[in-house]
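*Asks:* There's a structure below that I have some questions on.
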Amino acid sequence: MKNASGHHRDEDRWPLPVLAIPRGLREITWHVVALAAIVAPLTLRAGWFIVILVAGLTWLFELPSKLLFELALRGVIAGVVIGAIVATPGAALVSITRDFDWSAVPDVGVLFSDVLFLVFDLSVALCSVATLIAFDRRSVNRSAVDLRVWQRQQTRRRHLLRRWHRSRTIPEVSS
């Protein structure tokens with residue numbers, strides 16, 4: 001359908017997904033973080049399983065994204081503390097980086113590396129779900145927006161016409 005304001009979809013049709021080019025540094029950062037939140041669990045061993053588990057628990061208990069971020073930060077701190085107690089911080093870092101290499105055998109204890117894998121995977125999953133929950137997914141009422149746009153356009157046209165008439169001098173007597 002085409003009307004005065006351009007192409008317009010019928011209201012009874014299925015709405016198109018809202019895909020807009022990100023404007024500014026803040027929106028670009030949000031889009032990069034949302035993409036990283038989707039891709040990060042793919043690189044981990046049990047990433048998708050834990051993300052699905054965390055998403056289900058988040059939906060079941062209606063947890064806010066702020067709480068999920070706090071739990072992820074506590075998981076990272078717990079991993080650092082476990083790494084400092086059981087092994088050196090360097091060994092803990094090596095064990096965490098081995099989580100990305102699925103075929104690598106941990107050079108520290110198997111139990112220690114498995115605990116670090118679970119803590120790290122859980123923290124990544126919590127951050128992923130919290131980021132996707134916090135992502136801006138608002139929708140607008142098309143009729144209200146159309147009305148506001150129409151009123152703004154009419155006001156702008158009136159303003160321009162008034163300015164144009166004020167700037168022109170109409171001769172009183174024509175010759």
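Identifiers for the structure tokens are assigned positionally: chains receive A, B, ... in sequence, residues are indexed from 1 per chain, and ligands are indexed from 1 in the order shown.
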Quick one: residues within 9 Å of stretch 70-76 of chain A, only C-alpha atoms counted, chain neighbours fewer than 6 positions away excluded, as a ChimeraX atom specification?
*Replies:* /A:119-120,122-127
*Asks:* Those residues with C-alpha atoms, as a compact mmCIF listing (two decimals), in the first residue's frame please?
*Replies:*
```txt
# COMPACT_ATOMS: atom_id res chain seq x y z
CA VAL A 119 32.17 -21.73 36.89
CA PHE A 120 33.47 -20.01 33.75
CA LEU A 122 28.08 -20.49 34.01
CA SER A 123 29.44 -16.93 34.20
CA VAL A 124 29.46 -16.61 30.40
CA ALA A 125 25.94 -18.02 30.20
CA LEU A 126 24.68 -15.65 32.89
CA CYS A 127 26.23 -12.67 31.09
```
*Asks:* Near A:Leu35, counting only C-alpha atoms, which residues have an atom at most 12 Å away, once you skip same-chain residues fewer than 6 positions from it, shown as a PDB file with C-alpha atoms, in the first residue's frame?
*Replies:*
```pdb
ATOM      1  CA  ILE A  28      26.923  -0.012  18.068  1.00  0.00           C
ATOM      2  CA  THR A  29      28.318  -1.214  21.401  1.00  0.00           C
ATOM      3  CA  PRO A  41      28.516 -19.891  24.333  1.00  0.00           C
ATOM      4  CA  LEU A  42      29.208 -21.511  20.937  1.00  0.00           C
ATOM      5  CA  SER A 128      24.792 -13.818  27.758  1.00  0.00           C
ATOM      6  CA  VAL A 129      21.258 -14.230  29.054  1.00  0.00           C
ATOM      7  CA  THR A 131      22.674  -9.070  27.972  1.00  0.00           C
ATOM      8  CA  LEU A 132      19.924 -10.462  25.781  1.00  0.00           C
ATOM      9  CA  PHE A 135      18.750  -5.499  25.040  1.00  0.00           C
TER      10      PHE A 135
END
```
*Asks:* Quick one: pull the distance between atom CA of A:Val86 and atom CA of A:Asp101, Å, one decimal.
*Replies:*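 Those two atoms sit 21.9 Å apart.
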*Asks:* Counting only C-alpha atoms, which of A:Leu118, A:His165, A:Arg158, A:Gln151 gets nearest to A:Ile50?
*Replies:*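 For A:Ile50, the nearest of the candidates is A:Leu118.
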*Asks:* From the set A:Leu53, A:Ala87, A:Ala40, A:Ala144, which residue has the shortest atom-to-atom contact distance to A:Gly109, counting only C-alpha atoms?
*Replies:* A:Ala87
*Asks:* My list of candidates is A:Val110, A:Val33, A:Ile96, A:Ala130. Which is closest to A:Val54 when distances are computed with only C-alpha atoms?
*Replies:*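 Of A:Val110, A:Val33, A:Ile96, A:Ala130, the one nearest A:Val54 is A:Ala130, counting only C-alpha atoms.
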*Asks:* So how far away is atom CA of A:Leu116 from atom CA of A:Gly83, in Å?
*Replies:* 7.9 Å
*Asks:* Please indicate the distance in Å from atom CA of A:Thr58 to atom CA of A:Ile133, rounded to one decimal place.
*Replies:*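 Calculated distance between atom CA of A:Thr58 and atom CA of A:Ile133 is 9.7 Å.
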